[in-house]
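A.B. asks: data-v9.cif is reproduced in full below (mmCIF, C-alpha atoms).
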data_final
#
loop_
_atom_site.label_atom_id
_atom_site.label_comp_id
_atom_site.auth_asym_id
_atom_site.auth_seq_id
_atom_site.Cartn_x
_atom_site.Cartn_y
_atom_site.Cartn_z
CA MET A 150 -71.62 -95.39 65.38
CA ASP A 151 -73.18 -98.86 65.73
CA LEU A 152 -70.27 -100.94 67.00
CA ASP A 153 -71.97 -104.26 66.37
CA ALA A 154 -72.83 -103.30 62.80
CA LEU A 155 -69.26 -102.20 62.11
CA THR A 156 -67.89 -105.40 63.62
CA THR A 157 -70.21 -107.52 61.51
CA ALA A 158 -69.30 -105.62 58.35
CA ARG A 159 -65.55 -105.71 58.91
CA ARG A 160 -65.10 -109.06 60.67
CA GLN A 161 -64.01 -110.98 57.56
CA GLU A 162 -61.60 -108.23 56.49
CA TRP A 163 -60.00 -108.18 59.96
CA ALA A 164 -59.77 -111.97 59.95
CA ARG A 165 -58.04 -111.88 56.56
CA LEU A 166 -55.55 -109.29 57.86
CA ASP A 167 -54.87 -111.48 60.89
CA GLU A 168 -54.35 -114.51 58.66
CA LEU A 169 -51.87 -112.68 56.43
CA SER A 170 -49.92 -111.26 59.39
CA GLN A 171 -49.34 -114.75 60.81
CA ARG A 172 -47.92 -116.26 57.62
CA ARG A 173 -44.18 -116.84 57.63
CA ARG A 174 -43.72 -115.95 53.96
CA LEU A 175 -45.75 -113.70 51.73
CA ARG A 176 -45.73 -113.29 47.98
CA GLY A 177 -45.58 -109.83 46.45
CA ALA A 178 -49.33 -109.58 45.94
CA GLU A 179 -49.98 -110.75 49.50
CA VAL A 180 -47.64 -108.09 50.89
CA ASP A 181 -49.57 -105.44 48.97
CA GLU A 182 -52.83 -106.86 50.31
CA LEU A 183 -51.42 -106.88 53.87
CA VAL A 184 -50.46 -103.22 53.61
CA ALA A 185 -53.85 -102.24 52.20
CA ARG A 186 -55.77 -104.16 54.83
CA TYR A 187 -53.50 -102.77 57.57
CA GLN A 188 -54.34 -99.23 56.47
CA ALA A 189 -58.06 -100.02 56.33
CA ALA A 190 -58.04 -101.63 59.79
CA SER A 191 -56.10 -98.65 61.18
CA ALA A 192 -58.84 -96.37 59.88
CA ASP A 193 -61.45 -98.62 61.50
CA LEU A 194 -59.60 -98.45 64.82
CA ALA A 195 -59.41 -94.67 64.60
CA ASP A 196 -63.17 -94.50 64.01
CA LEU A 197 -63.82 -96.82 66.95
CA LYS A 198 -61.67 -94.80 69.35
CA THR A 199 -63.06 -91.48 68.16
CA SER A 200 -66.69 -92.46 68.51
CA ALA A 201 -66.66 -94.83 71.51
CA GLY A 202 -63.26 -94.63 73.22
CA ARG A 203 -61.76 -97.91 74.35
CA THR A 204 -63.98 -100.90 73.54
CA PRO A 205 -63.54 -104.68 73.25
CA GLN A 206 -63.91 -104.29 69.49
CA GLY A 207 -61.14 -101.71 69.43
CA ASP A 208 -58.88 -103.90 71.56
CA HIS A 209 -59.49 -106.77 69.16
CA VAL A 210 -58.52 -104.66 66.15
CA SER A 211 -55.49 -103.31 68.04
CA THR A 212 -54.39 -106.89 68.67
CA ILE A 213 -54.60 -107.73 64.98
CA LEU A 214 -52.81 -104.53 63.98
CA SER A 215 -49.93 -105.19 66.36
CA ARG A 216 -49.31 -108.58 64.74
CA ALA A 217 -49.60 -107.06 61.29
CA ARG A 218 -47.18 -104.29 62.21
CA LEU A 219 -44.65 -106.84 63.42
CA ALA A 220 -45.06 -108.80 60.21
CA LEU A 221 -44.46 -105.66 58.15
CA THR A 222 -41.49 -104.30 60.08
CA GLY A 223 -39.96 -107.47 61.44
CA ALA A 224 -37.33 -105.56 63.42
CA SER A 225 -37.22 -104.31 66.99
CA ASP A 226 -36.26 -100.82 68.00
CA ASN A 227 -32.65 -99.93 68.66
CA VAL A 228 -31.94 -100.54 72.36
CA LEU A 229 -30.17 -97.19 72.69
CA ARG A 230 -33.28 -95.41 71.44
CA GLN A 231 -35.31 -97.02 74.24
CA LEU A 232 -33.01 -95.81 77.04
CA PRO A 233 -34.59 -92.32 77.31
CA ARG A 234 -38.05 -93.88 77.62
CA PHE A 235 -36.82 -96.30 80.28
CA PHE A 236 -35.20 -93.64 82.47
CA LEU A 237 -37.73 -90.84 81.88
CA HIS A 238 -40.99 -92.80 81.72
CA GLN A 239 -40.96 -96.50 82.61
CA LEU A 240 -38.69 -96.36 85.67
CA PRO A 241 -40.21 -93.18 87.19
CA ALA A 242 -43.74 -94.54 86.68
CA ALA A 243 -42.85 -97.83 88.36
CA LEU A 244 -41.23 -95.99 91.28
CA TYR A 245 -44.19 -93.63 91.61
CA ARG A 246 -46.56 -96.54 92.07
CA LEU A 247 -44.51 -97.63 95.10
CA ARG A 248 -44.36 -94.27 96.88
CA TRP A 249 -46.91 -94.92 99.63
CA THR A 250 -45.80 -98.51 100.27
CA THR A 251 -42.21 -97.28 100.46
CA LEU A 252 -43.20 -94.66 103.05
CA ALA A 253 -45.09 -97.23 105.13
CA ILE A 254 -42.10 -99.59 105.05
CA ALA A 255 -39.73 -96.77 106.03
CA LEU A 256 -41.84 -95.85 109.06
CA ALA A 257 -42.19 -99.48 110.12
CA PHE A 258 -38.44 -100.04 109.66
CA ILE A 259 -37.57 -97.04 111.84
CA ALA A 260 -40.00 -98.27 114.49
CA VAL A 261 -38.42 -101.75 114.55
CA VAL A 262 -34.92 -100.25 114.76
CA GLY A 263 -35.96 -97.99 117.63
CA LEU A 264 -37.85 -100.66 119.57
CA SER A 265 -35.21 -103.38 119.19
CA GLY A 266 -32.39 -100.95 120.00
CA ALA A 267 -34.17 -99.58 123.08
CA TRP A 268 -35.09 -103.07 124.31
CA ILE A 269 -31.53 -104.40 124.07
CA ALA A 270 -29.86 -101.22 125.37
CA GLY A 271 -32.24 -101.15 128.35
CA ASP A 272 -31.14 -104.56 129.59
CA PRO A 273 -27.39 -104.94 130.35
CA ALA A 274 -27.82 -108.71 130.41
CA LEU A 275 -28.98 -108.65 126.77
CA VAL A 276 -26.06 -106.43 125.76
CA ALA A 277 -23.68 -108.89 127.47
CA THR A 278 -24.99 -111.74 125.29
CA LEU A 279 -23.69 -109.93 122.19
CA GLY A 280 -20.02 -110.44 123.14
CA SER A 281 -17.41 -109.97 125.77
CA GLU A 282 -16.77 -106.57 127.34
CA ALA A 283 -13.54 -106.21 125.37
CA GLN A 284 -15.19 -107.18 122.07
CA LEU A 285 -18.09 -104.79 122.52
CA GLU A 286 -15.80 -101.92 123.49
CA GLN A 287 -13.56 -102.62 120.51
CA TYR A 288 -16.61 -102.57 118.22
CA ALA A 289 -17.96 -99.32 119.66
CA GLU A 290 -14.66 -97.44 119.90
CA ASN A 291 -12.90 -98.62 116.75
CA ASP A 292 -14.42 -101.31 114.54
CA PHE A 293 -17.62 -99.45 113.64
CA THR A 294 -15.86 -96.37 112.30
CA GLU A 295 -12.82 -98.20 110.86
CA TYR A 296 -15.13 -100.31 108.72
CA TYR A 297 -15.53 -97.31 106.41
CA THR A 298 -11.82 -96.68 105.95
CA GLU A 299 -10.07 -100.05 106.22
CA ASN A 300 -10.28 -100.68 102.45
CA PRO A 301 -9.47 -98.41 99.49
CA ALA A 302 -12.45 -96.20 98.68
CA ALA A 303 -13.06 -97.64 95.20
CA VAL A 304 -12.86 -101.24 96.43
CA PHE A 305 -15.16 -100.53 99.36
CA ALA A 306 -17.68 -98.68 97.18
CA GLY A 307 -17.77 -101.56 94.72
CA MET A 308 -18.16 -104.11 97.50
CA VAL A 309 -21.12 -102.43 99.18
CA TRP A 310 -22.71 -101.64 95.82
CA THR A 311 -22.72 -105.25 94.61
CA ASN A 312 -23.88 -106.55 97.98
CA ASN A 313 -26.76 -104.09 98.31
CA ALA A 314 -27.77 -104.41 94.65
CA TRP A 315 -27.97 -108.19 95.06
CA ILE A 316 -30.12 -107.84 98.19
CA ALA A 317 -32.44 -105.37 96.47
CA ALA A 318 -32.77 -107.55 93.36
CA GLN A 319 -33.67 -110.56 95.48
CA ALA A 320 -36.28 -108.56 97.40
CA VAL A 321 -37.92 -107.58 94.09
CA LEU A 322 -37.61 -110.87 92.22
CA PHE A 323 -38.51 -113.13 95.16
CA GLY A 324 -41.22 -110.77 96.33
CA VAL A 325 -43.89 -113.15 95.05
CA THR A 326 -43.29 -115.24 98.17
CA GLY A 327 -44.41 -112.35 100.36
CA ALA A 328 -42.06 -113.53 103.11
CA PHE A 329 -38.67 -112.77 101.58
CA PRO A 330 -38.99 -108.95 101.43
CA LEU A 331 -40.24 -108.92 105.02
CA TYR A 332 -37.37 -111.16 106.10
CA VAL A 333 -34.80 -108.85 104.49
CA LEU A 334 -36.33 -105.74 106.03
CA VAL A 335 -36.77 -107.16 109.53
CA GLN A 336 -33.28 -108.69 109.50
CA ASN A 337 -31.73 -105.35 108.56
CA ALA A 338 -33.84 -103.43 111.08
CA VAL A 339 -32.97 -105.74 113.98
CA GLY A 340 -29.29 -105.73 112.97
CA LEU A 341 -29.24 -101.95 112.91
CA GLY A 342 -31.07 -101.81 116.24
CA THR A 343 -28.56 -104.20 117.79
CA ALA A 344 -25.66 -102.07 116.59
CA ALA A 345 -27.39 -98.99 117.99
CA ALA A 346 -27.78 -100.74 121.36
CA ILE A 347 -24.05 -101.48 121.55
CA MET A 348 -23.13 -97.94 120.57
CA THR A 349 -25.61 -96.57 123.13
CA ALA A 350 -24.04 -98.69 125.87
CA TYR A 351 -20.73 -96.94 125.22
CA ASP A 352 -22.17 -93.46 124.63
CA ARG A 353 -21.34 -93.58 120.92
CA LEU A 354 -24.82 -93.51 119.40
CA ASP A 355 -24.22 -90.02 117.99
CA VAL A 356 -21.13 -91.32 116.17
CA MET A 357 -23.15 -94.17 114.66
CA ILE A 358 -25.85 -91.81 113.41
CA LEU A 359 -23.31 -89.44 111.87
CA TYR A 360 -21.55 -92.28 110.06
CA ILE A 361 -24.73 -93.88 108.75
CA LEU A 362 -26.63 -90.82 107.53
CA PRO A 363 -24.40 -89.78 104.57
CA HIS A 364 -24.90 -93.01 102.63
CA GLY A 365 -27.78 -94.51 104.59
CA LEU A 366 -30.34 -91.96 103.47
CA LEU A 367 -30.19 -93.26 99.89
CA GLU A 368 -29.08 -96.81 100.61
CA MET A 369 -31.90 -97.63 103.00
CA THR A 370 -34.48 -95.88 100.83
CA CYS A 371 -33.43 -98.17 97.98
CA ILE A 372 -33.97 -101.20 100.22
CA PHE A 373 -37.39 -99.85 101.21
CA VAL A 374 -38.28 -99.42 97.52
CA ALA A 375 -37.10 -102.96 96.76
CA GLY A 376 -39.23 -104.32 99.60
CA ALA A 377 -42.24 -102.37 98.36
CA ALA A 378 -41.77 -103.73 94.83
CA GLY A 379 -41.57 -107.26 96.15
CA LEU A 380 -44.74 -106.88 98.20
CA HIS A 381 -46.58 -105.39 95.21
CA THR A 382 -45.66 -108.48 93.20
CA PHE A 383 -46.97 -110.68 96.00
CA TRP A 384 -50.21 -108.71 96.12
CA ALA A 385 -50.68 -109.12 92.35
CA TRP A 386 -50.67 -112.86 92.96
CA VAL A 387 -53.04 -112.64 95.95
CA ALA A 388 -55.50 -110.20 94.36
CA PRO A 389 -55.14 -110.29 90.54
CA GLY A 390 -58.48 -108.59 89.87
CA PRO A 391 -60.17 -109.47 86.57
CA ARG A 392 -56.90 -110.90 85.20
CA THR A 393 -55.64 -114.42 85.69
CA ARG A 394 -52.93 -114.78 88.33
CA THR A 395 -50.42 -115.59 85.59
CA ALA A 396 -51.27 -112.44 83.64
CA ALA A 397 -51.23 -110.28 86.79
CA LEU A 398 -47.86 -111.65 87.89
CA ALA A 399 -46.42 -111.20 84.40
CA ALA A 400 -47.55 -107.58 84.14
CA GLU A 401 -46.47 -106.70 87.68
CA GLY A 402 -43.20 -108.59 87.31
CA ARG A 403 -42.30 -106.76 84.09
CA ALA A 404 -43.15 -103.38 85.60
CA LEU A 405 -41.29 -103.96 88.85
CA ALA A 406 -38.29 -105.62 87.24
CA THR A 407 -37.57 -102.13 85.93
CA VAL A 408 -37.34 -101.08 89.58
CA ALA A 409 -34.66 -103.71 90.21
CA ILE A 410 -32.66 -102.37 87.27
CA GLY A 411 -33.10 -98.77 88.39
CA LEU A 412 -32.02 -99.62 91.94
CA VAL A 413 -28.73 -100.95 90.60
CA PHE A 414 -27.88 -97.42 89.48
CA ALA A 415 -29.25 -95.79 92.65
CA LEU A 416 -27.26 -98.16 94.84
CA ALA A 417 -24.15 -97.44 92.79
CA LEU A 418 -24.58 -93.80 93.80
CA ALA A 419 -25.11 -94.84 97.44
CA GLY A 420 -22.00 -97.02 97.27
CA ALA A 421 -19.98 -94.12 95.92
CA VAL A 422 -21.12 -91.93 98.80
CA GLU A 423 -20.30 -94.67 101.31
CA GLY A 424 -16.90 -95.33 99.80
CA PHE A 425 -15.75 -91.81 99.00
CA VAL A 426 -17.65 -89.57 101.46
CA THR A 427 -18.67 -91.33 104.70
CA GLY A 428 -15.16 -92.06 105.93
CA GLN A 429 -13.63 -88.73 104.95
CA PRO A 430 -12.51 -86.25 107.66
CA TRP A 431 -14.88 -83.61 106.35
CA PRO A 432 -17.45 -81.54 108.28
CA TRP A 433 -20.52 -83.63 109.06
CA TRP A 434 -22.86 -81.06 107.59
CA LEU A 435 -21.09 -81.47 104.26
CA LYS A 436 -21.15 -85.26 104.29
CA ILE A 437 -24.78 -85.46 105.34
CA GLY A 438 -25.62 -82.78 102.79
CA ILE A 439 -24.06 -84.88 100.03
CA GLY A 440 -26.08 -87.88 101.21
CA ALA A 441 -29.28 -85.82 101.24
CA LEU A 442 -28.55 -84.61 97.72
CA ALA A 443 -28.09 -88.22 96.57
CA LEU A 444 -31.43 -89.13 98.13
CA GLY A 445 -32.96 -86.11 96.42
CA VAL A 446 -31.97 -87.56 93.04
CA LEU A 447 -33.97 -90.72 93.72
CA LEU A 448 -36.95 -88.79 95.10
CA PHE A 449 -36.92 -86.51 92.05
CA TRP A 450 -37.11 -89.59 89.82
CA MET A 451 -39.82 -91.18 91.95
CA LEU A 452 -42.09 -88.24 92.73
CA PHE A 453 -41.60 -85.54 90.09
CA LEU A 454 -40.80 -87.55 86.96
CA GLY A 455 -42.93 -90.43 88.23
CA ARG A 456 -46.00 -88.27 88.69
CA ARG A 457 -45.58 -86.81 85.23
CA ALA A 458 -45.12 -90.26 83.68
CA ALA A 459 -48.15 -91.65 85.53
CA ARG A 460 -50.31 -88.79 84.29
CA ALA A 461 -49.17 -89.64 80.76
CA GLY A 462 -50.49 -93.18 81.22
CA GLU A 463 -47.23 -94.98 82.00
CA THR A 464 -47.31 -97.90 84.44
CA GLY A 465 -43.70 -99.07 84.23
CA ASP A 466 -44.70 -102.09 82.12
CA LEU A 467 -43.40 -102.78 78.64
CA THR A 468 -45.38 -101.50 75.70
CA GLU A 469 -47.70 -103.84 73.86
CA TYR A 470 -45.21 -103.96 70.99
CA GLU A 471 -42.40 -105.02 73.33
CA ALA A 472 -44.29 -107.46 75.54
CA GLY A 473 -46.83 -108.85 73.11
CA THR A 474 -50.54 -108.26 73.05
CA PRO A 475 -52.24 -109.14 76.35
CA THR A 476 -55.17 -111.49 76.58
CA LEU A 477 -58.42 -109.53 76.61
CA VAL A 478 -60.61 -109.95 79.68
CA ALA A 479 -64.18 -108.95 80.38
CA GLY A 480 -64.99 -106.21 82.85
#
So, in terms of structure tokens, how does the structure I just supplied come out?

C.D. replies:
Amino acid sequence: MDLDALTTARRQEWARLDELSQRRRLRGAEVDELVARYQAASADLADLKTSAGRTPQGDHVSTILSRARLALTGASDNVLRQLPRFFLHQLPAALYRLRWTTLAIALAFIAVVGLSGAWIAGDPALVATLGSEAQLEQYAENDFTEYYTENPAAVFAGMVWTNNAWIAAQAVLFGVTGAFPLYVLVQNAVGLGTAAAIMTAYDRLDVMILYILPHGLLEMTCIFVAGAAGLHTFWAWVAPGPRTRTAALAAEGRALATVAIGLVFALALAGAVEGFVTGQPWPWWLKIGIGALALGVLLFWMLFLGRRAARAGETGDLTEYEAGTPTLVAG
């Protein structure tokens, strides 16, 4: 097929379809004409894709057809009908894109925790700057573990859920700065390393690890994912590729905002584990096993469903119908 010849032959018909689709009100005859031209343009698009795959001409016709379709239907999809696509396609695809960045952040976080904890624990003078002897002993022997049981389980779960969800949302939404996700991650890593140093000084490091693992496996992974999403948004601004920075940020922001929404649910599960499991007098293998199972849910969504969604062409972004037709770029 000669694409240029087809474009020349159909240009006026496509322009007429575009004109009709942008009118606010149509008479009966114009509606009939819109439908007829929509069907003809759809056939043209099918021919273009069959013979040449994706082309600028095909993208142009697709743009016109999307406006015409909106003019004909005029109504958005039921939100409830979009939920399966969000949870089974958009969210997993967005998470899958972050898998390697999440792993890199996790390794760096563990390194910072270990180095800061070892540095402080190795110098008694540094440990002494964290509080008096009585305060540090009270923290190591009682306060650390009582934190998980001093409030009713439901209240505590809700408290940690809202706090962590807010932190994760900020890391994603303010990720364009580049600095905020790093600040959140480093602050948490140093804080955890400091707590580990105090517990080490009183031979209670094993207790700390046992209390953190049940909920921390999922909770910290969610924070790593949030940090990765934020840094991806920042990188879209730094290196937008052939797109404008505005278009790159918009596409990346839409895709990764789904991550922020998904993390709300994942952190709710982590909060439930922290509130109802961590402080219970159950065998540690059971509590850590429950935490590992909760983490497995997130990893299943990220790696298994995410890989399948990515292979199907999902990116985590909204569809063209939902977000509007993007500006075409060369290259």

A.B. asks: May I ask which of the residues A:Ala459, A:Leu264, A:Ala255, A:Leu166 is the closest one to Ala242 (chain A), counting all atoms listed in the file?

C.D. replies: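 When distances to Ala242 (chain A) are compared using all atoms listed in the file, the smallest one comes from A:Ala459.
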
A.B. asks: Apply the PyMOL selection byres ((chain A and resi 243-246) around 9) to the displayed file and report the matching residues as a list of chain:residue names.

C.D. replies: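 Selected by the PyMOL selection byres ((chain A and resi 243-246) around 9) here: A:His238, A:Gln239, A:Leu240, A:Pro241, A:Ala242, A:Leu247, A:Arg248, A:Trp249, A:Thr250, A:Val374, A:Ala378, A:Ala404, A:Leu405, A:Thr407, A:Val408, A:Trp450, A:Met451, A:Leu452, A:Phe453, A:Leu454, A:Gly455, A:Arg456, A:Ala458, A:Ala459, A:Glu463, A:Thr464, A:Gly465, A:Asp466.
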
A.B. asks: Taking 4 positions as the minimum chain separation for residues in the same chain, which residues sit within 7 Å of Val321 (chain A) when counting all atoms listed in the file? Answer as a list in words.

C.D. replies: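 The residues satisfying every condition are Ala317, Ala375, Gly376, Ala378, Gly379 and Ala409 of chain A.
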
A.B. asks: Find the distance between CA of Arg160 (chain A) and CA of Ala192 (chain A) and write it in Å to one decimal.

C.D. replies: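 For CA of Arg160 (chain A) relative to CA of Ala192 (chain A), the distance reads 14.2 Å.
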
A.B. asks: Go through A:Leu285, A:Ile316, A:Ala419, A:Ala253 and flag the residue nearest Asn337 (chain A), using all atoms listed in the file for the distances.

C.D. replies: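 Going through A:Leu285, A:Ile316, A:Ala419, A:Ala253 one by one, the smallest distance to Asn337 (chain A) is for A:Ile316.
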
A.B. asks: Would you please work out which residue, of A:Trp433, A:Phe329, A:Trp163, A:Tyr187, is nearest to Leu362 (chain A) when using only C-alpha atoms?

C.D. replies: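 Answer, going by the shortest atom-to-atom distance: A:Trp433.
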
A.B. asks: Translate the PyMOL selection byres ((chain A and resi 193) around 12), as applied to the file shown, into an explicit residue set as an MDAnalysis selection string.

C.D. replies: chainID A and resid 150 152 155:156 158:160 162:163 186:192 194:201 206:211 213:214

A.B. asks: Can I get the selection written as an mmCIF file, in the coordinates of the input, with C-alpha atoms?

C.D. replies:
data_model
loop_
_atom_site.group_PDB
_atom_site.id
_atom_site.type_symbol
_atom_site.label_atom_id
_atom_site.label_comp_id
_atom_site.auth_asym_id
_atom_site.auth_seq_id
_atom_site.Cartn_x
_atom_site.Cartn_y
_atom_site.Cartn_z
ATOM 1 C CA MET A 150 -71.620 -95.390 65.380
ATOM 2 C CA LEU A 152 -70.270 -100.940 67.000
ATOM 3 C CA LEU A 155 -69.260 -102.200 62.110
ATOM 4 C CA THR A 156 -67.890 -105.400 63.620
ATOM 5 C CA ALA A 158 -69.300 -105.620 58.350
ATOM 6 C CA ARG A 159 -65.550 -105.710 58.910
ATOM 7 C CA ARG A 160 -65.100 -109.060 60.670
ATOM 8 C CA GLU A 162 -61.600 -108.230 56.490
ATOM 9 C CA TRP A 163 -60.000 -108.180 59.960
ATOM 10 C CA ARG A 186 -55.770 -104.160 54.830
ATOM 11 C CA TYR A 187 -53.500 -102.770 57.570
ATOM 12 C CA GLN A 188 -54.340 -99.230 56.470
ATOM 13 C CA ALA A 189 -58.060 -100.020 56.330
ATOM 14 C CA ALA A 190 -58.040 -101.630 59.790
ATOM 15 C CA SER A 191 -56.100 -98.650 61.180
ATOM 16 C CA ALA A 192 -58.840 -96.370 59.880
ATOM 17 C CA LEU A 194 -59.600 -98.450 64.820
ATOM 18 C CA ALA A 195 -59.410 -94.670 64.600
ATOM 19 C CA ASP A 196 -63.170 -94.500 64.010
ATOM 20 C CA LEU A 197 -63.820 -96.820 66.950
ATOM 21 C CA LYS A 198 -61.670 -94.800 69.350
ATOM 22 C CA THR A 199 -63.060 -91.480 68.160
ATOM 23 C CA SER A 200 -66.690 -92.460 68.510
ATOM 24 C CA ALA A 201 -66.660 -94.830 71.510
ATOM 25 C CA GLN A 206 -63.910 -104.290 69.490
ATOM 26 C CA GLY A 207 -61.140 -101.710 69.430
ATOM 27 C CA ASP A 208 -58.880 -103.900 71.560
ATOM 28 C CA HIS A 209 -59.490 -106.770 69.160
ATOM 29 C CA VAL A 210 -58.520 -104.660 66.150
ATOM 30 C CA SER A 211 -55.490 -103.310 68.040
ATOM 31 C CA ILE A 213 -54.600 -107.730 64.980
ATOM 32 C CA LEU A 214 -52.810 -104.530 63.980
#

A.B. asks: Restricting the calculation to all atoms listed in the file, which member of A:Gln287, A:Ser265, A:Thr427, A:Thr157 is positioned closest to Leu341 (chain A)?

C.D. replies: A:Ser265

A.B. asks: For the atom pair CA of Ala220 (chain A) and CA of Ser170 (chain A), what is the interatomic distance in Å to one decimal place?

C.D. replies: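 Going from CA of Ala220 (chain A) over to CA of Ser170 (chain A) covers 5.5 Å.
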
A.B. asks: Rounded to one decimal, what separation in Å do you get between CA of Met348 (chain A) and CA of Ala289 (chain A)?

C.D. replies: 5.4 Å

A.B. asks: Using all atoms listed in the file, pick whichever of A:Gly420, A:Pro330, A:Pro301, A:Gly271 has the shortest atom-to-atom distance to Ala314 (chain A).

C.D. replies: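 Nearest to Ala314 (chain A): A:Gly420.
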